[in-house]
Structure formats: C-alpha cells, structure tokens
$ cat start_4.pdb   # PDB, C-alpha atoms and all ligand atoms
MODEL        1
ATOM      1  CA  MET A   6     -24.857  -4.255 -18.658
ATOM      2  CA  GLU A   7     -23.072  -2.938 -15.613
ATOM      3  CA  MET A   8     -21.430  -5.199 -13.037
ATOM      4  CA  LEU A   9     -23.535  -6.484 -10.165
ATOM      5  CA  LEU A  10     -22.271  -5.509  -6.718
ATOM      6  CA  ARG A  11     -23.184  -7.607  -3.697
ATOM      7  CA  VAL A  12     -22.169  -6.677  -0.148
ATOM      8  CA  ARG A  13     -22.374  -8.290   3.277
ATOM      9  CA  ALA A  14     -21.007  -7.011   6.600
ATOM     10  CA  VAL A  15     -19.199  -9.886   8.343
ATOM     11  CA  GLY A  16     -17.422 -10.527  11.630
ATOM     12  CA  PRO A  17     -17.160  -8.503  14.851
ATOM     13  CA  TRP A  18     -15.872  -5.393  13.007
ATOM     14  CA  ARG A  19     -18.790  -5.519  10.529
ATOM     15  CA  MET A  20     -16.334  -5.516   7.658
ATOM     16  CA  ASN A  21     -17.935  -5.231   4.203
ATOM     17  CA  ALA A  22     -17.133  -8.213   1.974
ATOM     18  CA  TYR A  23     -17.917  -7.393  -1.662
ATOM     19  CA  VAL A  24     -18.604  -9.564  -4.693
ATOM     20  CA  LEU A  25     -18.526  -8.001  -8.166
ATOM     21  CA  VAL A  26     -20.199 -10.037 -10.921
ATOM     22  CA  CYS A  27     -20.147  -9.745 -14.710
ATOM     23  CA  PRO A  28     -23.852 -10.329 -15.512
ATOM     24  CA  ALA A  29     -23.154 -11.666 -19.037
ATOM     25  CA  THR A  30     -20.757 -14.432 -17.942
ATOM     26  CA  MET A  31     -21.557 -14.591 -14.197
ATOM     27  CA  GLN A  32     -17.808 -14.543 -13.566
ATOM     28  CA  SER A  33     -17.101 -12.919 -10.185
ATOM     29  CA  VAL A  34     -14.425 -11.712  -7.788
ATOM     30  CA  LEU A  35     -14.583 -11.818  -3.999
ATOM     31  CA  ILE A  36     -13.089  -8.741  -2.316
ATOM     32  CA  ASP A  37     -11.965  -9.020   1.343
ATOM     33  CA  PRO A  38     -13.005 -12.404   2.776
ATOM     34  CA  GLY A  39     -12.934 -11.104   6.352
ATOM     35  CA  ASP A  40     -15.027 -13.661   8.228
ATOM     36  CA  GLU A  41     -18.120 -15.907   8.041
ATOM     37  CA  PRO A  42     -17.245 -18.231   5.096
ATOM     38  CA  ARG A  43     -20.858 -19.385   4.807
ATOM     39  CA  ALA A  44     -22.046 -15.817   4.313
ATOM     40  CA  LEU A  45     -19.328 -15.370   1.682
ATOM     41  CA  ASP A  46     -20.521 -18.532  -0.079
ATOM     42  CA  ALA A  47     -24.017 -17.040  -0.154
ATOM     43  CA  LEU A  48     -22.640 -13.808  -1.668
ATOM     44  CA  LEU A  49     -20.969 -15.835  -4.436
ATOM     45  CA  GLU A  50     -24.006 -18.001  -5.127
ATOM     46  CA  GLY A  51     -24.797 -18.525  -8.822
ATOM     47  CA  THR A  52     -21.488 -16.991  -9.939
ATOM     48  CA  ARG A  53     -18.177 -18.367 -11.197
ATOM     49  CA  PRO A  54     -15.440 -16.991  -8.905
ATOM     50  CA  ALA A  55     -12.260 -16.023 -10.780
ATOM     51  CA  ALA A  56     -10.148 -14.418  -8.040
ATOM     52  CA  ILE A  57      -9.954 -13.222  -4.458
ATOM     53  CA  LEU A  58      -8.880  -9.572  -4.184
ATOM     54  CA  LEU A  59      -7.595  -7.976  -0.990
ATOM     55  CA  THR A  60      -7.727  -4.260  -0.215
ATOM     56  CA  HIS A  61      -5.115  -4.633   2.569
ATOM     57  CA  SER A  62      -3.709  -7.131   5.047
ATOM     58  CA  HIS A  63      -5.654  -6.268   8.250
ATOM     59  CA  LEU A  64      -7.199  -9.280   9.944
ATOM     60  CA  ASP A  65     -10.775  -7.958   9.746
ATOM     61  CA  HIS A  66     -10.396  -8.104   5.914
ATOM     62  CA  THR A  67      -8.496 -11.409   5.665
ATOM     63  CA  GLY A  68      -9.811 -13.628   8.488
ATOM     64  CA  ALA A  69     -11.490 -16.121   6.133
ATOM     65  CA  LEU A  70      -8.878 -15.863   3.364
ATOM     66  CA  GLU A  71      -7.302 -19.303   3.782
ATOM     67  CA  VAL A  72     -10.690 -21.022   4.083
ATOM     68  CA  MET A  73     -12.031 -19.296   0.968
ATOM     69  CA  ARG A  74      -8.795 -19.798  -0.967
ATOM     70  CA  ALA A  75      -8.917 -23.557  -0.296
ATOM     71  CA  ARG A  76     -12.614 -23.658  -1.155
ATOM     72  CA  LEU A  77     -12.562 -21.623  -4.379
ATOM     73  CA  ARG A  78      -9.062 -22.553  -5.692
ATOM     74  CA  VAL A  79      -8.669 -19.188  -7.419
ATOM     75  CA  PRO A  80      -5.689 -16.800  -7.452
ATOM     76  CA  VAL A  81      -5.316 -14.349  -4.577
ATOM     77  CA  MET A  82      -4.372 -10.830  -5.709
ATOM     78  CA  ALA A  83      -3.042  -8.000  -3.553
ATOM     79  CA  HIS A  84      -0.353  -5.346  -3.377
ATOM     80  CA  PRO A  85       3.214  -6.799  -3.345
ATOM     81  CA  ASP A  86       3.809  -5.379   0.167
ATOM     82  CA  PHE A  87       0.870  -7.456   1.438
ATOM     83  CA  ALA A  88       1.893  -8.611   4.891
ATOM     84  CA  GLY A  89       1.941 -12.151   6.117
ATOM     85  CA  LEU A  90       0.330 -14.254   3.394
ATOM     86  CA  ALA A  91       1.384 -15.578   0.018
ATOM     87  CA  VAL A  92      -0.147 -13.732  -2.931
ATOM     88  CA  ASP A  93      -0.575 -15.362  -6.370
ATOM     89  CA  ARG A  94      -0.602 -12.099  -8.289
ATOM     90  CA  ALA A  95       1.028  -8.884  -7.038
ATOM     91  CA  LEU A  96      -0.959  -5.836  -8.111
ATOM     92  CA  ALA A  97       0.861  -2.658  -9.095
ATOM     93  CA  ASP A  98      -0.872   0.701  -9.303
ATOM     94  CA  GLY A  99      -2.909   0.829 -12.533
ATOM     95  CA  ASP A 100      -3.019  -2.935 -13.085
ATOM     96  CA  SER A 101      -6.254  -4.293 -14.479
ATOM     97  CA  ILE A 102      -8.113  -7.451 -13.539
ATOM     98  CA  ALA A 103     -10.485  -9.056 -16.058
ATOM     99  CA  VAL A 104     -13.853 -10.245 -14.721
ATOM    100  CA  GLY A 105     -15.878 -11.692 -17.588
ATOM    101  CA  GLU A 106     -16.548  -8.800 -19.994
ATOM    102  CA  HIS A 107     -15.515  -6.179 -17.406
ATOM    103  CA  ARG A 108     -12.290  -4.929 -15.887
ATOM    104  CA  LEU A 109     -11.270  -3.644 -12.490
ATOM    105  CA  ILE A 110      -8.359  -1.246 -11.997
ATOM    106  CA  ALA A 111      -6.089  -1.349  -8.917
ATOM    107  CA  HIS A 112      -5.187   1.992  -7.296
ATOM    108  CA  HIS A 113      -2.391   1.945  -4.714
ATOM    109  CA  ALA A 114      -3.567   4.157  -1.832
ATOM    110  CA  PRO A 115      -1.063   3.863   1.071
ATOM    111  CA  GLY A 116      -1.533   5.454   4.501
ATOM    112  CA  HIS A 117      -3.854   3.324   6.647
ATOM    113  CA  THR A 118      -1.458   0.518   5.608
ATOM    114  CA  PRO A 119       1.413   0.485   3.070
ATOM    115  CA  ASP A 120      -0.382  -2.225   1.059
ATOM    116  CA  GLN A 121      -3.780  -0.504   0.780
ATOM    117  CA  VAL A 122      -5.367  -0.850  -2.689
ATOM    118  CA  CYS A 123      -8.679   0.462  -4.059
ATOM    119  CA  PHE A 124     -10.491  -1.305  -6.923
ATOM    120  CA  SER A 125     -12.426   0.759  -9.456
ATOM    121  CA  VAL A 126     -14.788  -0.733 -12.001
ATOM    122  CA  GLU A 127     -13.680   0.440 -15.448
ATOM    123  CA  GLN A 128     -16.184   2.745 -17.191
ATOM    124  CA  ASP A 129     -18.319   2.791 -14.049
ATOM    125  CA  GLU A 130     -18.575   5.211 -11.129
ATOM    126  CA  ARG A 131     -18.038   2.589  -8.401
ATOM    127  CA  ILE A 132     -14.795   2.091  -6.453
ATOM    128  CA  VAL A 133     -14.222  -0.336  -3.570
ATOM    129  CA  VAL A 134     -11.952   1.746  -1.326
ATOM    130  CA  GLY A 135     -11.189  -0.588   1.603
ATOM    131  CA  ASP A 136     -10.172   1.435   4.674
ATOM    132  CA  THR A 137      -8.674   4.326   2.642
ATOM    133  CA  ILE A 138     -11.621   6.664   3.255
ATOM    134  CA  PHE A 139     -15.004   6.593   4.945
ATOM    135  CA  GLU A 140     -17.868   9.065   4.766
ATOM    136  CA  GLY A 141     -16.650  10.626   8.028
ATOM    137  CA  GLY A 142     -12.879  10.611   7.636
ATOM    138  CA  PRO A 143      -9.768   8.791   6.424
ATOM    139  CA  GLY A 144      -8.703   5.350   7.679
ATOM    140  CA  LYS A 145      -6.909   5.189  11.025
ATOM    141  CA  THR A 146      -3.122   5.618  11.157
ATOM    142  CA  TRP A 147      -0.610   4.532  13.803
ATOM    143  CA  SER A 148       2.270   6.935  13.099
ATOM    144  CA  SER A 149       2.575  10.547  11.956
ATOM    145  CA  GLU A 150       4.543   9.317   8.916
ATOM    146  CA  ASP A 151       1.615   7.112   7.892
ATOM    147  CA  PHE A 152      -0.771  10.015   8.468
ATOM    148  CA  ARG A 153       1.315  12.218   6.149
ATOM    149  CA  THR A 154       1.195   9.382   3.591
ATOM    150  CA  THR A 155      -2.606   9.400   3.967
ATOM    151  CA  LEU A 156      -2.689  13.157   3.244
ATOM    152  CA  ASP A 157      -0.582  12.558   0.131
ATOM    153  CA  THR A 158      -2.899   9.739  -1.010
ATOM    154  CA  LEU A 159      -5.975  11.930  -0.485
ATOM    155  CA  ARG A 160      -4.400  14.669  -2.594
ATOM    156  CA  ARG A 161      -2.907  12.530  -5.381
ATOM    157  CA  VAL A 162      -5.298   9.579  -5.645
ATOM    158  CA  ILE A 163      -8.698  10.261  -4.086
ATOM    159  CA  LEU A 164      -9.276  13.872  -5.142
ATOM    160  CA  ALA A 165      -8.231  12.953  -8.710
ATOM    161  CA  TRP A 166     -11.370  10.813  -9.047
ATOM    162  CA  PRO A 167     -14.478  12.388 -10.621
ATOM    163  CA  ASP A 168     -17.283  13.831  -8.489
ATOM    164  CA  GLU A 169     -19.768  11.124  -9.502
ATOM    165  CA  THR A 170     -17.515   8.410  -7.984
ATOM    166  CA  ARG A 171     -19.382   6.182  -5.538
ATOM    167  CA  CYS A 172     -17.065   4.902  -2.803
ATOM    168  CA  TYR A 173     -17.720   1.491  -1.196
ATOM    169  CA  PRO A 174     -15.716   1.379   2.055
ATOM    170  CA  GLY A 175     -14.535  -1.466   4.267
ATOM    171  CA  HIS A 176     -16.965  -0.450   7.031
ATOM    172  CA  GLY A 177     -20.276   1.445   6.852
ATOM    173  CA  GLY A 178     -22.301   2.521   3.848
ATOM    174  CA  PRO A 179     -21.313   3.851   0.412
ATOM    175  CA  PHE A 180     -21.084   7.576  -0.343
ATOM    176  CA  ARG A 181     -20.548   9.905  -3.278
ATOM    177  CA  LEU A 182     -17.155  11.580  -3.559
ATOM    178  CA  ALA A 183     -18.923  14.847  -4.473
ATOM    179  CA  ASP A 184     -20.559  14.882  -1.020
ATOM    180  CA  ILE A 185     -17.248  14.840   0.873
ATOM    181  CA  ARG A 186     -14.883  16.553  -1.597
ATOM    182  CA  GLY A 187     -15.115  19.971   0.109
ATOM    183  CA  ALA A 188     -14.502  18.445   3.542
ATOM    184  CA  VAL A 189     -11.494  16.472   2.270
ATOM    185  CA  GLU A 190     -10.000  19.566   0.616
ATOM    186  CA  SER A 191     -10.386  21.583   3.868
ATOM    187  CA  PHE A 192      -8.957  18.675   5.874
ATOM    188  CA  ILE A 193      -5.757  18.394   3.847
ATOM    189  CA  ALA A 194      -5.332  22.190   3.809
ATOM    190  CA  ARG A 195      -5.159  22.350   7.633
ATOM    191  CA  ASP A 196      -2.000  21.796   9.689
ATOM    192  CA  HIS A 197      -2.320  18.538  11.655
ATOM    193  CA  GLY A 198       1.149  18.686  13.216
ATOM    194  CA  ARG A 199       2.401  15.221  14.181
ATOM    195  CA  PHE A 200      -1.081  13.720  14.436
ATOM    196  CA  CYS A 201      -1.863  10.051  13.973
ATOM    197  CA  GLY A 202      -4.930   7.975  14.889
ATOM    198  CA  ASP A 203      -8.640   8.146  14.031
ATOM    199  CA  ALA A 204      -9.334  11.350  12.136
ATOM    200  CA  THR A 205     -12.579  13.031  11.083
ATOM    201  CA  TRP A 206     -12.887  15.432   8.145
ATOM    202  CA  GLY A 207     -13.956  18.201  10.543
ATOM    203  CA  MET A 208     -10.723  18.237  12.561
TER     204      MET A 208
HETATM  205 ZN    ZN B   1      -7.763  -1.758   8.005
HETATM  206 ZN    ZN B   2     -11.100  -2.625   8.248
ENDMDL
END
$ encode --input "start_4.pdb" --output "structure tokens"
Amino acid sequence: MEMLLRVRAVGPWRMNAYVLVCPATMQSVLIDPGDEPRALDALLEGTRPAAILLTHSHLDHTGALEVMRARLRVPVMAHPDFAGLAVDRALADGDSIAVGEHRLIAHHAPGHTPDQVCFSVEQDERIVVGDTIFEGGPGKTWSSEDFRTTLDTLRRVILAWPDETRCYPGHGGPFRLADIRGAVESFIARDHGRFCGDATWGM
C-alpha cells in the first residue's frame, strides 16, 4: 500500500506543510512545520510521528519548528548546512529515512538556498520539492551565483527524475515533471547573464 500524503497550506505565505504516513504502521513524518501548530496537529492526527524533516531553513517553512519539536519529541532532520537551528540528524544527498515499511530519499538541491533538500518516496512517483521548483519556475534566488547553482541543480538533479514524477512544492499545487520538462530544458538552454530573483520558465 502506498504512503498517504496529507497537505495543508499554513501561515501568511500559504506554505504547504506535508505529512507522509505509512498506512500499515501509521508511522509518519512531518515535513516543514511552517506555522499554525494546531493545523499541523490535525494533519498528524491518528499517526505516530517519527521525525520532522525540513526542506530548507526559510522562516515560512520553519516558523513552528520549535513548538512542534517540543510537542512531538522526535528527531529533526535537515541538510548539514541548515541555518540557525540545531539538527538531530544531518542528511547527505542520497540518505534514506525509514517511515514504517516505507523509505524516503533525500536529494540535495541547492540554489534557492544552500541547504535545500527534496524528499522522494522510494518506489513511488511523488517527491516533496520544497522551494526548488514550482509549476511556473524555479525558486527565487538572491545572487547570480545562487541562480547559476539553481541551473546546475535543474540540470543534474531535477531533469534526472522520470517523467511520471509528481512534484509537491512548498507553495501552490502539485504538478507532473513531464508537463514542465520541455520548459525547463528551454530555460536552462538560454543565456540569463547575471540574473537573480524570481524567474519563470518562459524567460
Ligand atoms: Zn524558501
Ligand atoms: Zn517557501
């Protein structure tokens, strides 16, 4: 039986908090406790939380981290470069996280931030991508170096995923990689000079 995926947009940035549940054991992980602890409690209802996972250290994704960490008493897992908060388990690229009878795989995807991680469900088409990519473009960058890192991540990490991949982003709805692959390929083939900021696939 495939993992259950629950989602709720929380806080002023409507950041998607995700809960992935193993239906056989009801063990779960909470991804990105951004805000609204009571809504996060509701997402976790009926499950046995095993960890809090963080896609990256931006405040819209971590605003309720300390509240939820104190409440759940489970390890917090994130990339070792995670800024500002203590992490119980540092996740390297390719690391796996057991959730009941299932496993998640961490994919380091720097650009939007140096500590950006995506979480794929093993033997499943779903990947929680944080702010790496959205249906309309890549995550925002604040320097041309970071933007070039984003282009490298798109080429090396994102385009290496199969077409049937379903991406679950930090903001907005999910999308199929097949539906944006052509736009991403055209985007990385164009010369963007020393651009940084909010990009769309069409530019
Ligand atoms: Zn972000
Ligand atoms: Zn965000």
$ atom_distance --input "start_4.pdb" --atom1 "atom CA of A:Arg13" --atom2 "atom CA of A:Ser33"
15.2 Å
$ resolve_selection --input "start_4.pdb" --expression "the PyMOL selection byres (((chain A and resi 62-69) around 9) and not hetatm)" --output "PyMOL selection string"
chain A and resi 15-22+36-42+59-61+70-74+83+87-90+118+120-121+135+175
$ closest_residue --input "start_4.pdb" --among "A:Arg78, A:His117, A:Arg131, A:Arg153" --to "ligand ZN 1 (chain B)" --atoms "only C-alpha atoms and all ligand atoms"
A:His117
$ residues_around --input "start_4.pdb" --residues "A:Val122" --least-positions-apart "4" --cutoff "12 Å" --atoms "all atoms listed in the file" --output "PyMOL selection string"
chain A and resi 36-37+58-62+82-87+95-100+109-118+132-138+158+162-163+174-175
$ resolve_selection --input "start_4.pdb" --expression "the PyMOL selection byres (((chain A and resi 193) around 10) and not hetatm)" --output "NGL selection string"
:A and (153 or 155-157 or 159-160 or 188-192 or 194-197 or 206)
$ closest_residue --input "start_4.pdb" --among "A:Val104, A:Ala75, A:Ala14, A:Cys201" --to "A:Arg53" --atoms "all atoms listed in the file"
A:Val104
$ closest_residue --input "start_4.pdb" --among "A:Asp93, A:Asp129, A:Asp46, A:Asp203" --to "ligand ZN 1 (chain B)" --atoms "all atoms listed in the file"
A:Asp203
$ resolve_selection --input "start_4.pdb" --expression "the PyMOL selection byres (((chain A and resi 204) around 10) and not hetatm)" --output "list in words"
Gly141, Gly142, Pro143, Gly144, Lys145, Thr146, Phe152, Phe192, Phe200, Cys201, Gly202, Asp203, Thr205, Trp206, Gly207 and Met208 of chain A
$ closest_residue --input "start_4.pdb" --among "A:Gly187, A:Gly177, A:Val24, A:Gly198" --to "ligand ZN 2 (chain B)" --atoms "only C-alpha atoms and all ligand atoms"
A:Gly177
$ atom_distance --input "start_4.pdb" --atom1 "atom CA of A:Glu50" --atom2 "atom CA of A:Phe139"
28.1 Å
$ atom_distance --input "start_4.pdb" --atom1 "atom CA of A:Ala29" --atom2 "atom CA of A:Gly178"
26.9 Å
$ closest_residue --input "start_4.pdb" --among "A:Leu45, A:Tyr173, A:Ile102, A:Arg199" --to "A:Leu77" --atoms "all atoms listed in the file"
A:Leu45
$ closest_residue --input "start_4.pdb" --among "A:Leu182, A:Val34, A:Ile57, A:Val26" --to "A:Glu130" --atoms "all atoms listed in the file"
A:Leu182
$ axis_aligned_box --input "start_4.pdb" --around "stretch 29-41 of chain A" --padding-each-side "5 Å" --output "AutoDock Vina command-line options"
--center_x -17.6 --center_y -12.3 --center_z -5.4 --size_x 21.2 --size_y 17.2 --size_z 37.3
